[in-house]
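*Asks:* My structure file target_12.txt, compact mmCIF, C-alpha atoms, is below:
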# COMPACT_ATOMS: atom_id res chain seq x y z
CA MET L 25 -32.13 158.20 94.14
CA MET L 26 -32.51 157.83 90.39
CA LYS L 27 -35.78 158.42 88.57
CA LEU L 28 -36.73 156.67 85.36
CA TYR L 29 -39.14 158.32 82.96
CA TYR L 30 -40.79 155.65 80.84
CA ALA L 31 -43.84 154.94 78.72
CA VAL L 32 -45.59 151.60 78.55
CA HIS L 33 -44.72 149.22 75.71
CA THR L 34 -41.52 151.15 74.86
CA CYS L 35 -37.84 150.38 75.02
CA ALA L 36 -37.75 152.05 78.45
CA LEU L 37 -38.66 148.64 79.82
CA ALA L 38 -35.07 147.49 79.26
CA SER L 39 -33.62 150.10 81.61
CA HIS L 40 -36.42 149.49 84.10
CA ILE L 41 -35.53 145.80 84.29
CA ALA L 42 -31.81 146.58 84.46
CA LEU L 43 -32.35 148.96 87.41
CA GLU L 44 -34.20 146.16 89.18
CA ASP L 45 -31.48 143.64 88.25
CA ALA L 46 -28.87 146.04 89.63
CA GLY L 47 -30.60 146.40 92.97
CA ALA L 48 -30.72 150.17 92.43
CA GLU L 49 -32.89 152.50 94.46
CA TYR L 50 -35.06 154.27 91.92
CA SER L 51 -38.49 155.63 91.27
CA ILE L 52 -40.48 155.54 88.04
CA GLN L 53 -42.54 158.21 86.36
CA ARG L 54 -44.87 157.27 83.54
CA ILE L 55 -45.13 159.52 80.49
CA ASN L 56 -48.50 159.10 78.82
CA PHE L 57 -47.79 159.03 75.09
CA ALA L 58 -51.51 158.86 74.21
CA ALA L 59 -51.96 162.18 76.02
CA GLY L 60 -48.90 163.66 74.30
CA GLU L 61 -47.06 164.19 77.59
CA GLN L 62 -43.73 163.62 75.86
CA ARG L 63 -44.16 166.89 73.96
CA LYS L 64 -45.18 169.06 76.92
CA PRO L 65 -42.70 171.67 78.18
CA GLU L 66 -42.25 169.91 81.52
CA TYR L 67 -40.96 166.79 79.80
CA LEU L 68 -39.03 168.57 77.04
CA ALA L 69 -37.04 170.23 79.83
CA ILE L 70 -35.96 166.73 80.87
CA ASN L 71 -35.53 165.28 77.40
CA PRO L 72 -35.68 167.67 74.42
CA LYS L 73 -35.91 164.66 72.09
CA ALA L 74 -39.49 164.09 73.34
CA ARG L 75 -38.76 160.41 73.78
CA VAL L 76 -38.32 157.87 76.53
CA PRO L 77 -36.44 156.65 78.44
CA SER L 78 -34.81 159.38 80.48
CA LEU L 79 -32.90 158.68 83.65
CA VAL L 80 -32.50 161.45 86.19
CA THR L 81 -29.37 160.89 88.25
CA GLU L 82 -27.59 162.94 90.92
CA ARG L 83 -25.18 164.13 88.23
CA GLY L 84 -27.70 164.96 85.52
CA ILE L 85 -30.02 163.41 83.00
CA LEU L 86 -29.18 160.52 80.70
CA THR L 87 -30.98 159.33 77.58
CA GLU L 88 -30.53 156.57 74.97
CA THR L 89 -31.07 152.99 76.04
CA PRO L 90 -27.59 151.60 75.19
CA ALA L 91 -25.94 154.41 77.17
CA MET L 92 -28.29 153.99 80.12
CA LEU L 93 -27.84 150.23 80.24
CA ALA L 94 -24.05 150.55 80.26
CA PHE L 95 -24.33 153.26 82.93
CA ILE L 96 -26.44 150.99 85.14
CA ALA L 97 -23.97 148.13 84.68
CA GLN L 98 -21.00 150.36 85.52
CA SER L 99 -22.73 152.04 88.46
CA PHE L 100 -23.64 148.74 90.12
CA PRO L 101 -20.61 146.55 89.45
CA LYS L 102 -21.59 143.99 92.08
CA ALA L 103 -24.62 143.05 89.99
CA ARG L 104 -22.21 141.92 87.24
CA LEU L 105 -24.45 143.01 84.38
CA ALA L 106 -21.57 143.39 81.89
CA PRO L 107 -17.92 142.33 81.61
CA LEU L 108 -16.70 145.64 82.99
CA ASP L 109 -13.00 144.78 83.18
CA ASP L 110 -12.79 143.37 79.67
CA PRO L 111 -12.99 145.98 76.90
CA PHE L 112 -13.57 143.34 74.22
CA GLY L 113 -16.36 141.58 76.12
CA PHE L 114 -17.90 144.92 76.98
CA ALA L 115 -17.75 145.91 73.31
CA GLU L 116 -19.54 142.72 72.31
CA VAL L 117 -22.32 143.64 74.74
CA GLN L 118 -22.44 147.14 73.34
CA ALA L 119 -22.43 145.96 69.72
CA PHE L 120 -25.46 143.78 70.40
CA ASN L 121 -27.29 146.62 72.10
CA SER L 122 -26.38 149.03 69.33
CA TYR L 123 -27.84 146.63 66.78
CA LEU L 124 -31.11 146.45 68.69
CA CYS L 125 -31.21 150.24 69.01
CA ALA L 126 -30.18 151.34 65.53
CA THR L 127 -31.40 148.47 63.32
CA LEU L 128 -34.10 146.36 64.98
CA HIS L 129 -35.85 149.16 66.88
CA VAL L 130 -35.60 151.39 63.80
CA ALA L 131 -37.16 148.70 61.58
CA HIS L 132 -39.97 148.30 64.11
CA ALA L 133 -40.51 152.06 64.35
CA HIS L 134 -41.54 152.19 60.70
CA ARG L 135 -44.86 150.62 61.70
CA MET L 136 -46.00 153.36 64.08
CA ARG L 137 -43.70 156.30 63.41
CA GLY L 138 -43.21 156.43 59.68
CA TYR L 139 -44.02 160.15 59.81
CA ARG L 140 -40.46 160.68 61.02
CA TRP L 141 -39.12 159.73 57.60
CA ALA L 142 -41.83 160.65 55.07
CA ASP L 143 -44.82 162.96 54.80
CA ASP L 144 -46.80 161.17 52.11
CA PRO L 145 -49.52 158.94 53.69
CA ALA L 146 -49.06 156.35 50.95
CA ALA L 147 -45.35 156.16 51.77
CA ILE L 148 -46.14 155.72 55.45
CA GLU L 149 -48.45 152.83 54.54
CA ALA L 150 -45.71 151.33 52.36
CA MET L 151 -43.34 151.44 55.33
CA LYS L 152 -45.88 149.63 57.51
CA ARG L 153 -46.17 146.86 54.96
CA LYS L 154 -42.45 146.11 55.05
CA VAL L 155 -42.13 145.91 58.85
CA PRO L 156 -42.90 142.17 59.12
CA ASP L 157 -40.03 141.43 56.70
CA SER L 158 -37.51 143.98 57.92
CA VAL L 159 -38.02 143.07 61.59
CA ALA L 160 -37.96 139.34 60.84
CA ALA L 161 -34.65 139.81 59.01
CA CYS L 162 -33.20 141.21 62.24
CA TYR L 163 -34.42 138.19 64.19
CA GLU L 164 -32.94 135.84 61.61
CA LEU L 165 -29.56 137.37 62.27
CA ILE L 166 -30.04 137.35 66.04
CA GLU L 167 -31.22 133.73 65.99
CA SER L 168 -28.46 132.44 63.72
CA LYS L 169 -25.45 134.58 64.61
CA MET L 170 -25.88 136.62 67.77
CA LEU L 171 -27.88 134.92 70.57
CA ARG L 172 -25.52 132.40 72.15
CA GLY L 173 -27.85 130.97 74.80
CA PRO L 174 -29.03 130.57 77.39
CA TRP L 175 -28.39 134.32 77.64
CA VAL L 176 -27.43 136.60 74.79
CA MET L 177 -23.74 136.53 75.65
CA GLY L 178 -23.74 132.88 76.69
CA GLU L 179 -23.60 131.70 80.29
CA ALA L 180 -23.49 135.20 81.76
CA TYR L 181 -26.62 137.31 82.07
CA THR L 182 -25.90 140.86 80.87
CA ILE L 183 -27.66 144.11 79.97
CA CYS L 184 -28.25 142.60 76.53
CA ASP L 185 -30.90 140.31 78.01
CA PRO L 186 -33.47 142.84 79.25
CA TYR L 187 -33.00 144.76 76.00
CA LEU L 188 -33.67 141.73 73.77
CA PHE L 189 -36.62 140.77 75.98
CA THR L 190 -38.01 144.29 75.60
CA VAL L 191 -37.86 144.50 71.83
CA ALA L 192 -39.11 140.91 71.52
CA GLN L 193 -42.37 142.05 73.18
CA TRP L 194 -43.12 143.77 69.88
CA MET L 195 -42.86 140.68 67.63
CA GLU L 196 -46.56 139.86 67.47
CA GLY L 197 -47.48 143.50 66.91
CA ASP L 198 -45.00 143.57 64.04
CA SER L 199 -46.53 140.38 62.57
CA VAL L 200 -43.37 138.38 63.21
CA ASP L 201 -44.14 134.85 64.38
CA PRO L 202 -42.01 133.97 67.42
CA ALA L 203 -42.25 130.27 66.49
CA ARG L 204 -39.85 130.99 63.60
CA PHE L 205 -37.17 131.94 66.10
CA PRO L 206 -37.02 129.29 68.83
CA LYS L 207 -33.91 130.63 70.54
CA VAL L 208 -35.43 134.11 70.81
CA ARG L 209 -38.75 132.61 71.96
CA ASP L 210 -37.01 130.52 74.65
CA HIS L 211 -35.03 133.54 75.78
CA ARG L 212 -38.26 135.49 76.17
CA GLN L 213 -39.73 132.69 78.26
CA ARG L 214 -36.57 132.45 80.39
CA MET L 215 -36.64 136.20 81.00
CA SER L 216 -40.34 136.26 81.83
CA GLU L 217 -39.71 133.83 84.70
CA ARG L 218 -37.24 136.11 86.45
CA ALA L 219 -38.53 137.79 89.59
CA ALA L 220 -37.19 141.20 88.54
CA VAL L 221 -38.99 141.03 85.21
CA ARG L 222 -42.28 139.98 86.81
CA LYS L 223 -42.04 142.82 89.31
CA VAL L 224 -41.28 145.44 86.65
CA LEU L 225 -44.02 144.27 84.30
CA ALA L 226 -46.54 144.30 87.17
CA GLU L 227 -45.47 147.84 88.10
CA GLU L 228 -45.88 149.13 84.55
CA LEU L 229 -49.24 147.37 84.19
CA ALA L 230 -50.50 148.81 87.48
CA GLU L 231 -49.52 152.32 86.36
CA GLU L 232 -51.26 151.80 83.04
CA LEU L 233 -54.47 150.71 84.73
CA ALA L 234 -54.34 153.34 87.47
CA MET G 240 -2.58 144.29 65.14
CA MET G 241 -6.14 145.36 64.51
CA LYS G 242 -7.64 145.60 61.04
CA LEU G 243 -10.42 147.99 60.15
CA TYR G 244 -12.76 147.17 57.28
CA TYR G 245 -14.23 150.38 55.95
CA ALA G 246 -15.88 151.91 52.91
CA VAL G 247 -15.32 155.46 51.73
CA HIS G 248 -17.84 158.10 52.75
CA THR G 249 -19.31 155.90 55.50
CA CYS G 250 -19.46 156.06 59.27
CA ALA G 251 -16.37 153.83 59.37
CA LEU G 252 -14.38 157.07 59.15
CA ALA G 253 -15.15 157.71 62.84
CA SER G 254 -13.42 154.54 64.00
CA HIS G 255 -10.57 155.14 61.56
CA ILE G 256 -9.91 158.56 63.09
CA ALA G 257 -10.27 157.18 66.62
CA LEU G 258 -7.70 154.46 65.93
CA GLU G 259 -5.32 157.16 64.75
CA ASP G 260 -6.14 159.35 67.77
CA ALA G 261 -5.47 156.38 70.03
CA GLY G 262 -2.04 155.73 68.56
CA ALA G 263 -3.13 152.18 67.73
CA GLU G 264 -1.26 149.89 65.41
CA TYR G 265 -3.78 148.95 62.76
CA SER G 266 -4.26 148.27 59.10
CA ILE G 267 -7.19 149.20 56.90
CA GLN G 268 -9.02 147.23 54.25
CA ARG G 269 -11.38 148.98 51.90
CA ILE G 270 -14.71 147.35 51.00
CA ASN G 271 -15.92 148.56 47.63
CA PHE G 272 -19.65 149.16 48.02
CA ALA G 273 -20.05 150.06 44.34
CA ALA G 274 -18.76 146.59 43.47
CA GLY G 275 -21.01 144.98 46.10
CA GLU G 276 -18.08 143.59 48.06
CA GLN G 277 -20.03 143.93 51.29
CA ARG G 278 -22.36 141.16 50.14
CA LYS G 279 -19.68 138.70 49.02
CA PRO G 280 -19.15 135.55 51.11
CA GLU G 281 -15.64 136.62 52.14
CA TYR G 282 -16.97 139.74 53.80
CA LEU G 283 -20.16 138.20 55.15
CA ALA G 284 -17.92 135.79 57.07
CA ILE G 285 -16.47 138.84 58.80
CA ASN G 286 -19.71 140.80 59.18
CA PRO G 287 -22.96 139.01 58.37
CA LYS G 288 -24.78 142.36 58.47
CA ALA G 289 -23.06 143.26 55.16
CA ARG G 290 -22.13 146.65 56.53
CA VAL G 291 -19.09 148.58 57.64
CA PRO G 292 -17.24 149.16 59.85
CA SER G 293 -15.84 145.90 61.16
CA LEU G 294 -12.81 145.74 63.41
CA VAL G 295 -10.82 142.55 63.54
CA THR G 296 -9.04 142.25 66.88
CA GLU G 297 -6.94 139.53 68.49
CA ARG G 298 -10.02 138.45 70.44
CA GLY G 299 -12.54 138.50 67.63
CA ILE G 300 -14.52 140.81 65.37
CA LEU G 301 -16.42 143.88 66.51
CA THR G 302 -19.09 145.83 64.67
CA GLU G 303 -21.28 148.90 65.38
CA THR G 304 -19.61 152.29 65.55
CA PRO G 305 -20.61 153.24 69.13
CA ALA G 306 -19.30 149.92 70.44
CA MET G 307 -16.07 150.18 68.46
CA LEU G 308 -15.42 153.76 69.54
CA ALA G 309 -15.87 152.84 73.21
CA PHE G 310 -13.63 149.81 72.69
CA ILE G 311 -10.89 151.95 71.19
CA ALA G 312 -11.16 154.43 74.07
CA GLN G 313 -11.02 151.66 76.69
CA SER G 314 -8.21 149.79 74.94
CA PHE G 315 -5.97 152.86 74.75
CA PRO G 316 -6.61 154.65 78.05
CA LYS G 317 -3.51 156.83 77.73
CA ALA G 318 -5.09 158.58 74.76
CA ARG G 319 -7.89 159.77 77.08
CA LEU G 320 -10.61 159.53 74.45
CA ALA G 321 -13.43 159.15 76.99
CA PRO G 322 -13.94 159.67 80.76
CA LEU G 323 -13.24 156.01 81.50
CA ASP G 324 -13.32 156.24 85.29
CA ASP G 325 -16.57 158.19 85.44
CA PRO G 326 -19.68 156.16 84.58
CA PHE G 327 -21.84 159.27 84.24
CA GLY G 328 -19.40 161.09 81.96
CA PHE G 329 -18.90 157.92 79.95
CA ALA G 330 -22.68 157.57 79.61
CA GLU G 331 -22.95 161.13 78.32
CA VAL G 332 -20.40 160.25 75.62
CA GLN G 333 -22.31 157.10 74.78
CA ALA G 334 -25.68 158.86 74.71
CA PHE G 335 -24.34 161.35 72.16
CA ASN G 336 -22.90 158.57 70.02
CA SER G 337 -26.11 156.55 70.28
CA TYR G 338 -28.07 159.55 69.04
CA LEU G 339 -25.80 159.90 66.01
CA CYS G 340 -26.08 156.18 65.29
CA ALA G 341 -29.78 155.55 65.83
CA THR G 342 -31.36 158.91 64.93
CA LEU G 343 -29.10 161.10 62.77
CA HIS G 344 -27.48 158.32 60.73
CA VAL G 345 -30.88 156.64 60.34
CA ALA G 346 -32.47 159.88 59.10
CA HIS G 347 -29.61 160.26 56.61
CA ALA G 348 -29.90 156.66 55.45
CA HIS G 349 -33.39 157.31 54.12
CA ARG G 350 -31.79 159.20 51.22
CA MET G 351 -29.77 156.30 49.81
CA ARG G 352 -31.12 153.19 51.51
CA GLY G 353 -34.87 153.64 51.67
CA TYR G 354 -35.24 150.11 50.25
CA ARG G 355 -34.51 148.86 53.74
CA TRP G 356 -37.87 150.16 54.94
CA ALA G 357 -40.20 150.13 51.92
CA ASP G 358 -40.49 148.37 48.56
CA ASP G 359 -42.64 150.90 46.69
CA PRO G 360 -40.45 153.20 44.52
CA ALA G 361 -42.77 156.15 45.23
CA ALA G 362 -42.35 155.61 48.97
CA ILE G 363 -38.58 155.51 48.55
CA GLU G 364 -38.78 158.83 46.72
CA ALA G 365 -40.99 160.25 49.49
CA MET G 366 -38.34 159.25 52.02
CA LYS G 367 -35.65 161.03 50.02
CA ARG G 368 -37.68 164.22 50.00
CA LYS G 369 -37.90 164.35 53.80
CA VAL G 370 -34.17 163.84 54.46
CA PRO G 371 -33.24 167.55 54.38
CA ASP G 372 -35.80 168.25 57.11
CA SER G 373 -35.28 165.17 59.26
CA VAL G 374 -31.49 165.49 59.21
CA ALA G 375 -31.65 169.25 59.85
CA ALA G 376 -33.88 168.58 62.88
CA CYS G 377 -31.08 166.44 64.32
CA TYR G 378 -28.57 169.24 63.80
CA GLU G 379 -30.91 171.74 65.45
CA LEU G 380 -30.87 169.60 68.57
CA ILE G 381 -27.11 169.06 68.40
CA GLU G 382 -26.46 172.77 67.87
CA SER G 383 -28.79 173.99 70.61
CA LYS G 384 -28.58 171.27 73.26
CA MET G 385 -25.75 168.84 72.75
CA LEU G 386 -22.54 170.30 71.32
CA ARG G 387 -20.84 172.12 74.19
CA GLY G 388 -17.77 173.41 72.38
CA PRO G 389 -15.03 173.54 71.50
CA TRP G 390 -15.44 169.76 71.51
CA VAL G 391 -18.70 167.87 71.81
CA MET G 392 -18.25 167.22 75.52
CA GLY G 393 -16.67 170.61 76.23
CA GLU G 394 -12.96 171.11 76.88
CA ALA G 395 -12.09 167.44 76.52
CA TYR G 396 -11.76 165.82 73.11
CA THR G 397 -13.55 162.45 73.08
CA ILE G 398 -14.76 159.72 70.74
CA CYS G 399 -17.84 161.88 70.13
CA ASP G 400 -15.73 164.24 68.05
CA PRO G 401 -14.63 161.98 65.21
CA TYR G 402 -18.17 160.59 65.06
CA LEU G 403 -19.80 164.02 64.73
CA PHE G 404 -17.15 165.05 62.19
CA THR G 405 -17.92 161.90 60.19
CA VAL G 406 -21.68 162.33 59.98
CA ALA G 407 -21.29 166.06 59.35
CA GLN G 408 -19.48 165.16 56.10
CA TRP G 409 -22.90 164.18 54.78
CA MET G 410 -24.65 167.52 55.39
CA GLU G 411 -24.27 168.93 51.88
CA GLY G 412 -25.30 165.63 50.30
CA ASP G 413 -28.41 165.67 52.49
CA SER G 414 -29.17 169.28 51.39
CA VAL G 415 -28.57 170.62 54.89
CA ASP G 416 -26.80 173.98 54.84
CA PRO G 417 -23.90 173.97 57.34
CA ALA G 418 -24.23 177.77 57.67
CA ARG G 419 -27.43 177.20 59.65
CA PHE G 420 -25.43 175.41 62.35
CA PRO G 421 -22.35 177.49 63.17
CA LYS G 422 -21.22 175.41 66.13
CA VAL G 423 -21.33 172.24 64.07
CA ARG G 424 -19.61 174.01 61.16
CA ASP G 425 -16.84 175.31 63.44
CA HIS G 426 -16.42 171.86 64.96
CA ARG G 427 -15.99 170.40 61.50
CA GLN G 428 -13.34 172.99 60.71
CA ARG G 429 -11.55 172.37 64.03
CA MET G 430 -11.53 168.65 63.38
CA SER G 431 -10.31 169.01 59.81
CA GLU G 432 -7.19 170.80 61.07
CA ARG G 433 -6.09 167.88 63.25
CA ALA G 434 -3.13 165.90 61.95
CA ALA G 435 -4.85 162.57 62.62
CA VAL G 436 -7.88 163.59 60.58
CA ARG G 437 -5.79 164.84 57.68
CA LYS G 438 -3.80 161.61 57.63
CA VAL G 439 -6.89 159.41 57.70
CA LEU G 440 -8.71 161.37 55.02
CA ALA G 441 -5.64 161.23 52.80
CA GLU G 442 -5.39 157.46 53.30
CA GLU G 443 -9.03 156.88 52.38
CA LEU G 444 -8.73 159.16 49.36
CA ALA G 445 -5.58 157.39 48.17
CA GLU G 446 -7.34 154.02 48.43
CA GLU G 447 -10.32 155.37 46.52
CA LEU G 448 -8.11 156.63 43.71
CA ALA G 449 -5.87 153.56 43.64
Can the structure in the file be given as structure tokens, please?
*Replies:*
Amino acid sequence: MMKLYYAVHTCALASHIALEDAGAEYSIQRINFAAGEQRKPEYLAINPKARVPSLVTERGILTETPAMLAFIAQSFPKARLAPLDDPFGFAEVQAFNSYLCATLHVAHAHRMRGYRWADDPAAIEAMKRKVPDSVAACYELIESKMLRGPWVMGEAYTICDPYLFTVAQWMEGDSVDPARFPKVRDHRQRMSERAAVRKVLAEELAEELA
Amino acid sequence: MMKLYYAVHTCALASHIALEDAGAEYSIQRINFAAGEQRKPEYLAINPKARVPSLVTERGILTETPAMLAFIAQSFPKARLAPLDDPFGFAEVQAFNSYLCATLHVAHAHRMRGYRWADDPAAIEAMKRKVPDSVAACYELIESKMLRGPWVMGEAYTICDPYLFTVAQWMEGDSVDPARFPKVRDHRQRMSERAAVRKVLAEELAEELA
């Protein structure tokens, strides 16, 4: 049985939803970022990057959301979470997820984690100020060029959908108005009505309140 | 026939090498960043992100290095550039590539492209100052935990190898001393002796000088 290490309000939510979508048997283990659990030796032994998510499998430990999402899709082919027999379609899925990971998530991270890229407090404040614009620029591209509707890749639900839903949870915190991006907003609503998403969000909330 | 849009000294080199490794039929088209070609309408029609690489295929256009590398591996299975029949092994390859894309490349980008994440010139200078440390931290993790040797994934050469070779070209520019990371340095040397790498580097150099 697989075990997902996650923290609340992080990109680990995407893999959590995908595991549920896949019908996988899995358990979850919360890492309390406020308590610094991600930097304790027990967790560094699992993921030396001190980040979430991590997925413990029978074969070993995986990290990095795009890799984990593709792994879940490939490991549970009956769930049809990606076009597994079509390298081009699969690459389109991966390109979308890579953009979320390396551009949108990175833009967002400059609000809370600017210390990764500068030491000067004034510089870290300057990074925070640009987040509303840099994140909104990502959504402009997603809205106009990438999100086909009703799902990211069109008629077929894929591993792109839980990932977009996950990062879109951060819009308000990043001072990006969802009303500017109606396709993204509708996608969020559509996702939030899925039973798997409701179950996963309830689980993470219960752990947070426990 | 596929067509790769690239710019010199960018991560597009990884896909260029992989196409050569795969034995693909392809052409290359240089985008001159110094002349701002990446922001001209002709190129934005190909890649609205105004970045390289882009890969024009018979089915459509792909972007994002991790997605393109996996596409090349899947499209040319005889070249055995990834463990295609093993979801876990494939995920390990993808996790490594995702780390290069979303953490190492991002750390590096704060030297030349800080304007993406702050407007204040002093903040952009502060970002530049941290690049030697933040990039070196990535190589510490790669050296100690990720690079198995002789190739990234061990005995088997994969799409991780041209990608690591590509980003490692930037070490000196980022003021990271390769001598601190002997496994990475040896990998670079091993890669530079491959015929495919020599051919690709010569092609890009010839285009630059043309």
*Asks:* Mind running a least-squares superposition of chain G onto chain L over all the C-alpha atoms, in order, and reading off the RMSD?
*Replies:* 0.0 Å
*Asks:* What residues in chain G lie within 7 Å of chain L, counting all atoms listed in the file, written as a list in words?
*Replies:*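 On the chain G side, the interface is Leu301, Thr302, Glu303, Ala306, Met307, Phe310, Gln313, Ser314, Pro326, Phe327, Ala330, Glu331, Gln333, Ala334, Ser337, Cys340, Ala341, Ala346, Trp356, Ala357, Asp359, Ala362, Ala365, Met366, Lys369 and Ser373 of chain G.
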*Asks:* List as a compact mmCIF listing (two decimals) with C-alpha atoms, in the coordinates of the input the protein and nucleic acid residues near Ile270 in chain G, meaning an atom at most 8 Å away when all atoms listed in the file are counted, but skip any in the same chain fewer than 3 places from it.
*Replies:*
# COMPACT_ATOMS: atom_id res chain seq x y z
CA TYR G 244 -12.76 147.17 57.28
CA TYR G 245 -14.23 150.38 55.95
CA ALA G 246 -15.88 151.91 52.91
CA GLU G 276 -18.08 143.59 48.06
CA GLN G 277 -20.03 143.93 51.29
*Asks:* Just to confirm, what's the straight-line distance from CA of Pro101 in chain L to CA of Met177 in chain L in Å (one decimal)?
*Replies:*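 So the two atoms, CA of Pro101 in chain L and CA of Met177 in chain L, lie 17.3 Å apart.
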*Asks:* Can you measure CA of Ile166 in chain L to CA of Tyr282 in chain G for me? One decimal in Å is fine.
*Replies:*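 Here the two named atoms are 18.1 Å from each other.
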*Asks:* Could you list, as a list in words, every residue within 9 Å of Ser266 in chain G, counting all atoms listed in the file and ignoring same-chain residues fewer than 3 positions away?
*Replies:*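 Counting only the stated atoms, we get Met240, Met241, Lys242, Leu243 and Tyr244 of chain G.
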*Asks:* Fewer than 2 positions away in the same chain doesn't count, so skip those; otherwise give me all residues within 7 Å of range 397-402 of chain G, counting only C-alpha atoms, as a list in words.
*Replies:*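 Answer for this query is Ala253, Ile256, Ala257, Leu308, Leu320, Ala321, Val332, Phe335, Asn336, Trp390, Val391, Ala395, Phe404, Thr405 and Val406 of chain G.
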*Asks:* With all atoms of range 384-400 of chain G from the file as input, state the centre and edge lengths in Å to one decimal of the axis-aligned box that has 8 Å extra on each side, as JSON.
*Replies:*
{"center_x": -20.2, "center_y": 166.6, "center_z": 72.5, "size_x": 32.8, "size_y": 29.8, "size_z": 24.8}
*Asks:* Between CA of Leu188 in chain L and CA of Leu323 in chain G, what distance in Å does the model show, to one decimal?
*Replies:*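 It comes out at 26.1 Å.
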*Asks:* May I ask which of the residues G:Ala407, G:Ala418, G:Leu283, G:Val247 is the closest one to Ile267 in chain G, counting only C-alpha atoms?
*Replies:* G:Val247
*Asks:* Determine the nearest neighbour of Phe315 in chain G from the options G:Ala441, G:Ala289, G:Ala263, G:Leu343, counting all atoms listed in the file.
*Replies:*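 Once distances to Phe315 in chain G are computed over all atoms listed in the file, the minimum belongs to G:Ala263.
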*Asks:* Looking at only C-alpha atoms, which of L:Lys64, L:Glu164, L:Ser39, L:Ala103 is the one that sits closest to Arg204 in chain L?
*Replies:*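 Between L:Lys64, L:Glu164, L:Ser39, L:Ala103, the residue approaching Arg204 in chain L most closely is L:Glu164.
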